[in-house]
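Peer 1: There's a structure below that I have some questions on.
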Amino acid sequence: MTVKIVNLKLNGVDKAFMARPETTLLLGLREQLGMMGAKRGCAQGACGSCTVLLDGDPVVSCLVPAVTVDGSAVGTIEGLADGQVLSHVQQAFLDGFATQCGFCTPGMIMSAEALLERNPDPTTEEVQEAISGNVCRCTGYEPIITAILDAAARRRAATATTTPETDAGPPPTTAYESSEGMRADV
Ligand code: FES
Ligand code: FES
């Protein structure tokens, strides 16, 4: 049986693993690359618990043949936190009690991350649409939707505080350039 080496960038790091034609991306991630965040629920593309990002787009990794991701970038929930600092979506799920058993949570969060990356200010309906392929049997969805909207607001606030003003002109660079147009040191 043909075995191929699959090269990919996993959470920003170059990785490789061996795959048979029938190996799914989900199996490769879990059994060969040690990424246990994506969950195997239905294994039929129906529950979304295996959702990861493939070149930025959410995919159900149980339906993706591993050999087809050669040369691609794959993002999993393990790559979201910056050290001990969770992503805005992860933190909002935690703060908003948007997870109970947790089985759906990695896939749900990856779908949310993909949404907020392409749409930083989604409506409730857009959030519902984005997670329509992710099944949760515990929460009733309301806390999840609220958490994603909360995460969107946190991301926008963080972006606003880190993006310099572009229409206010350069800040004063010397004592001669104070807002009153006078020397500030005399
Ligand atoms: S395990 Fe992939 S969609 Fe259910
Ligand atoms: S938290 Fe249990 S399935 Fe969603």
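In the structure tokens, the first chain shown is A, the next is B, and so on; residue numbers restart at 1 for each chain, and ligands run from 1 in the order shown.
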Tell me, which residues of chain A carry DSSP strand (DSSP E), written as a ChimeraX atom specification?

Peer 2: /A:4-10,13-19,51-54,57-60,72-75

Peer 1: Counting only C-alpha atoms and all ligand atoms, which protein, DNA or RNA residues come within 6 Å of ligand 1, given as a list in words?

Peer 2: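 I would give the residues around ligand 1 as Arg40, Gly41, Cys42, Ala43, Gln44, Gly45, Ala46, Cys47, Gly48, Ser49, Cys50, Val60, Ser61 and Cys62 of chain A.
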
Peer 1: Show me which residues line ligand 2, defined as having an atom within 6 Å of a ligand atom where only C-alpha atoms and all ligand atoms count, and present them as a ChimeraX atom specification.

Peer 2: /A:99-105,136-139

Peer 1: Which of segment 103-160 of chain A counts as alpha helix (DSSP H) under DSSP, as a PyMOL selection string please?

Peer 2: chain A and resi 105-118+124-130+142-160

Peer 1: Limited to C-alpha atoms, could you put the picked residues into a file as a tab-separated table (two decimals), in the first residue's frame?

Peer 2:
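The file below, out-v3.tsv, is the result:
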```tsv
chain	number	residue	atom	x	y	z
A	105	THR	CA	-15.47	23.17	22.10
A	106	PRO	CA	-12.26	22.90	20.00
A	107	GLY	CA	-14.21	22.66	16.77
A	108	MET	CA	-16.60	25.38	17.84
A	109	ILE	CA	-13.71	27.70	18.71
A	110	MET	CA	-11.92	27.05	15.41
A	111	SER	CA	-15.09	27.92	13.49
A	112	ALA	CA	-15.39	31.09	15.57
A	113	GLU	CA	-11.75	32.03	14.99
A	114	ALA	CA	-12.23	31.65	11.23
A	115	LEU	CA	-15.36	33.80	11.34
A	116	LEU	CA	-13.74	36.63	13.30
A	117	GLU	CA	-10.70	36.57	11.07
A	118	ARG	CA	-12.82	37.35	8.01
A	124	THR	CA	-25.86	37.15	15.83
A	125	GLU	CA	-27.19	35.62	12.63
A	126	GLU	CA	-23.70	35.53	11.11
A	127	VAL	CA	-22.37	33.78	14.22
A	128	GLN	CA	-25.20	31.25	14.03
A	129	GLU	CA	-24.39	30.63	10.38
A	130	ALA	CA	-20.67	30.24	11.09
A	142	GLU	CA	-26.85	30.59	23.62
A	143	PRO	CA	-23.70	30.85	25.78
A	144	ILE	CA	-21.57	29.93	22.76
A	145	ILE	CA	-23.11	32.61	20.55
A	146	THR	CA	-22.80	35.17	23.35
A	147	ALA	CA	-19.15	34.20	23.88
A	148	ILE	CA	-18.32	34.59	20.20
A	149	LEU	CA	-19.94	38.03	20.08
A	150	ASP	CA	-18.03	38.91	23.26
A	151	ALA	CA	-14.79	37.68	21.69
A	152	ALA	CA	-15.44	39.80	18.62
A	153	ALA	CA	-15.82	42.88	20.83
A	154	ARG	CA	-12.62	42.01	22.72
A	155	ARG	CA	-10.70	41.60	19.46
A	156	ARG	CA	-11.96	44.92	18.14
A	157	ALA	CA	-11.05	46.66	21.39
A	158	ALA	CA	-7.58	45.13	21.34
A	159	THR	CA	-7.07	46.16	17.73
A	160	ALA	CA	-8.21	49.71	18.50
```

Peer 1: Calculate how many Å separate atom CA of Arg30 of chain A from atom CA of Ser87 of chain A, rounding to one decimal.

Peer 2: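 Distance reported for this atom pair: 21.8 Å.
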
Peer 1: Nearest to Lys39 of chain A among A:Leu26, A:Pro21, A:Gln84, A:Lys4, with distances taken over only C-alpha atoms: which residue is it?

Peer 2: A:Leu26

Peer 1: What is the atom CA of Pro65 of chain A to atom CA of Val3 of chain A distance in Å?

Peer 2: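 Atom CA of Pro65 of chain A sits 12.7 Å away from atom CA of Val3 of chain A.
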
Peer 1: Report as a PyMOL selection string all protein, DNA and RNA residues lying within 12 Å of Leu29 of chain A, evaluated on only C-alpha atoms, omitting residues in the same chain fewer than 3 positions from it.

Peer 2: chain A and resi 6+8-11+15-19+23-26+32-40+50-52+61-62+64-66+69+74-78

Peer 1: Keeping N, CA, C and O atoms for every residue in the selection just given, could you write it to a file as a compact mmCIF listing (two decimals), in the first residue's frame?

Peer 2:
```
# COMPACT_ATOMS: atom_id res chain seq x y z
N VAL A 6 3.58 13.53 4.13
CA VAL A 6 2.83 14.77 4.01
C VAL A 6 3.58 15.85 4.77
O VAL A 6 3.84 15.71 5.98
N LEU A 8 3.55 19.77 6.02
CA LEU A 8 2.60 20.86 6.27
C LEU A 8 3.18 21.82 7.30
O LEU A 8 4.15 21.50 7.98
N LYS A 9 2.58 22.99 7.34
CA LYS A 9 2.93 23.94 8.40
C LYS A 9 1.82 23.84 9.43
O LYS A 9 0.67 24.23 9.18
N LEU A 10 2.14 23.28 10.58
CA LEU A 10 1.15 23.05 11.63
C LEU A 10 1.31 24.11 12.71
O LEU A 10 2.34 24.16 13.39
N ASN A 11 0.30 24.95 12.84
CA ASN A 11 0.36 26.05 13.81
C ASN A 11 1.66 26.84 13.66
O ASN A 11 2.30 27.23 14.65
N LYS A 15 6.07 20.55 9.79
CA LYS A 15 5.92 19.17 10.28
C LYS A 15 5.77 18.25 9.10
O LYS A 15 5.43 18.67 7.99
N ALA A 16 5.96 16.95 9.36
CA ALA A 16 5.75 15.94 8.33
C ALA A 16 5.23 14.67 9.00
O ALA A 16 5.55 14.40 10.16
N PHE A 17 4.40 13.95 8.27
CA PHE A 17 3.95 12.66 8.79
C PHE A 17 3.65 11.72 7.63
O PHE A 17 3.50 12.15 6.49
N MET A 18 3.56 10.44 7.94
CA MET A 18 3.31 9.42 6.93
C MET A 18 1.80 9.18 6.83
O MET A 18 1.11 9.06 7.84
N ALA A 19 1.32 9.10 5.58
CA ALA A 19 -0.12 8.90 5.41
C ALA A 19 -0.39 7.88 4.31
O ALA A 19 0.26 7.89 3.25
N THR A 23 -5.87 7.65 5.04
CA THR A 23 -5.64 8.41 6.28
C THR A 23 -6.30 9.78 6.17
O THR A 23 -6.10 10.50 5.20
N THR A 24 -7.09 10.13 7.16
CA THR A 24 -7.70 11.46 7.18
C THR A 24 -6.76 12.45 7.88
O THR A 24 -5.89 12.06 8.66
N LEU A 25 -7.01 13.71 7.61
CA LEU A 25 -6.24 14.75 8.31
C LEU A 25 -6.44 14.61 9.81
O LEU A 25 -5.49 14.76 10.59
N LEU A 26 -7.66 14.31 10.23
CA LEU A 26 -7.93 14.16 11.67
C LEU A 26 -7.06 13.07 12.28
O LEU A 26 -6.44 13.28 13.33
N GLN A 32 -0.50 10.87 14.69
CA GLN A 32 0.91 10.99 14.29
C GLN A 32 1.54 12.30 14.73
O GLN A 32 2.75 12.38 14.89
N LEU A 33 0.74 13.32 14.89
CA LEU A 33 1.31 14.62 15.26
C LEU A 33 0.99 15.02 16.69
O LEU A 33 1.41 16.08 17.15
N GLY A 34 0.22 14.19 17.38
CA GLY A 34 -0.04 14.44 18.80
C GLY A 34 -0.96 15.60 19.08
O GLY A 34 -1.01 16.09 20.21
N MET A 35 -1.68 16.03 18.08
CA MET A 35 -2.63 17.13 18.27
C MET A 35 -3.99 16.53 18.62
O MET A 35 -4.75 16.11 17.75
N MET A 36 -4.31 16.49 19.90
CA MET A 36 -5.51 15.79 20.36
C MET A 36 -6.71 16.72 20.55
O MET A 36 -7.76 16.30 21.01
N GLY A 37 -6.53 18.00 20.19
CA GLY A 37 -7.63 18.94 20.39
C GLY A 37 -8.82 18.65 19.50
O GLY A 37 -9.96 18.59 19.97
N ALA A 38 -8.59 18.47 18.21
CA ALA A 38 -9.69 18.13 17.29
C ALA A 38 -10.23 16.76 17.69
O ALA A 38 -9.48 15.81 17.88
N LYS A 39 -11.55 16.67 17.80
CA LYS A 39 -12.18 15.45 18.31
C LYS A 39 -12.83 14.64 17.19
O LYS A 39 -13.34 15.19 16.21
N ARG A 40 -12.84 13.32 17.37
CA ARG A 40 -13.53 12.44 16.44
C ARG A 40 -14.90 12.14 17.00
O ARG A 40 -15.04 11.38 17.96
N CYS A 50 -14.36 17.96 14.78
CA CYS A 50 -13.00 17.79 14.25
C CYS A 50 -12.53 19.01 13.47
O CYS A 50 -11.52 18.93 12.76
N THR A 51 -13.24 20.14 13.59
CA THR A 51 -12.94 21.31 12.76
C THR A 51 -11.55 21.87 13.05
O THR A 51 -11.18 22.10 14.20
N VAL A 52 -10.78 22.06 11.98
CA VAL A 52 -9.49 22.75 12.05
C VAL A 52 -9.46 23.75 10.91
O VAL A 52 -10.37 23.80 10.07
N SER A 61 -12.00 17.92 9.53
CA SER A 61 -10.77 17.19 9.19
C SER A 61 -11.01 15.69 9.04
O SER A 61 -10.17 14.98 8.50
N CYS A 62 -12.17 15.18 9.50
CA CYS A 62 -12.46 13.75 9.34
C CYS A 62 -12.77 13.40 7.89
O CYS A 62 -12.78 12.23 7.53
N VAL A 64 -11.15 15.10 5.26
CA VAL A 64 -10.07 15.58 4.41
C VAL A 64 -8.99 14.51 4.31
O VAL A 64 -8.37 14.14 5.31
N PRO A 65 -8.74 13.97 3.11
CA PRO A 65 -7.64 13.00 2.97
C PRO A 65 -6.31 13.68 3.31
O PRO A 65 -6.01 14.77 2.80
N ALA A 66 -5.54 13.06 4.15
CA ALA A 66 -4.31 13.69 4.63
C ALA A 66 -3.37 14.03 3.48
O ALA A 66 -2.70 15.07 3.50
N VAL A 69 -3.35 17.60 1.92
CA VAL A 69 -2.94 18.83 2.62
C VAL A 69 -1.44 19.05 2.51
O VAL A 69 -0.90 19.97 3.13
N VAL A 74 -2.02 24.29 8.40
CA VAL A 74 -3.12 23.76 9.21
C VAL A 74 -3.06 24.40 10.59
O VAL A 74 -1.99 24.48 11.20
N GLY A 75 -4.22 24.86 11.04
CA GLY A 75 -4.31 25.45 12.37
C GLY A 75 -5.22 24.64 13.26
O GLY A 75 -6.33 24.27 12.84
N THR A 76 -4.74 24.32 14.45
CA THR A 76 -5.57 23.59 15.41
C THR A 76 -5.69 24.42 16.69
O THR A 76 -4.98 25.42 16.87
N ILE A 77 -6.53 23.96 17.58
CA ILE A 77 -6.75 24.74 18.81
C ILE A 77 -5.47 24.84 19.64
O ILE A 77 -5.29 25.81 20.38
N GLU A 78 -4.57 23.89 19.47
CA GLU A 78 -3.31 23.94 20.24
C GLU A 78 -2.47 25.17 19.87
O GLU A 78 -1.59 25.57 20.62
```

Peer 1: Please determine, counting only C-alpha atoms, which residue among A:Val67, A:Gly140, A:Gly133, A:Ser72 has the shortest atom-to-atom distance to Asp55 of chain A.

Peer 2: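 Comparing A:Val67, A:Gly140, A:Gly133, A:Ser72 against Asp55 of chain A, the winner is A:Ser72.
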
Peer 1: What is the distance, in Å and to one decimal place, between atom CA of Thr2 of chain A and atom CA of Leu53 of chain A?

Peer 2: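 Pair atom CA of Thr2 of chain A / atom CA of Leu53 of chain A returns 26.4 Å.
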
Peer 1: Considering only C-alpha atoms, state which residue in the set A:Ser132, A:Asp82, A:Leu54, A:Ala98 is at the smallest distance from Asp70 of chain A.

Peer 2: A:Leu54
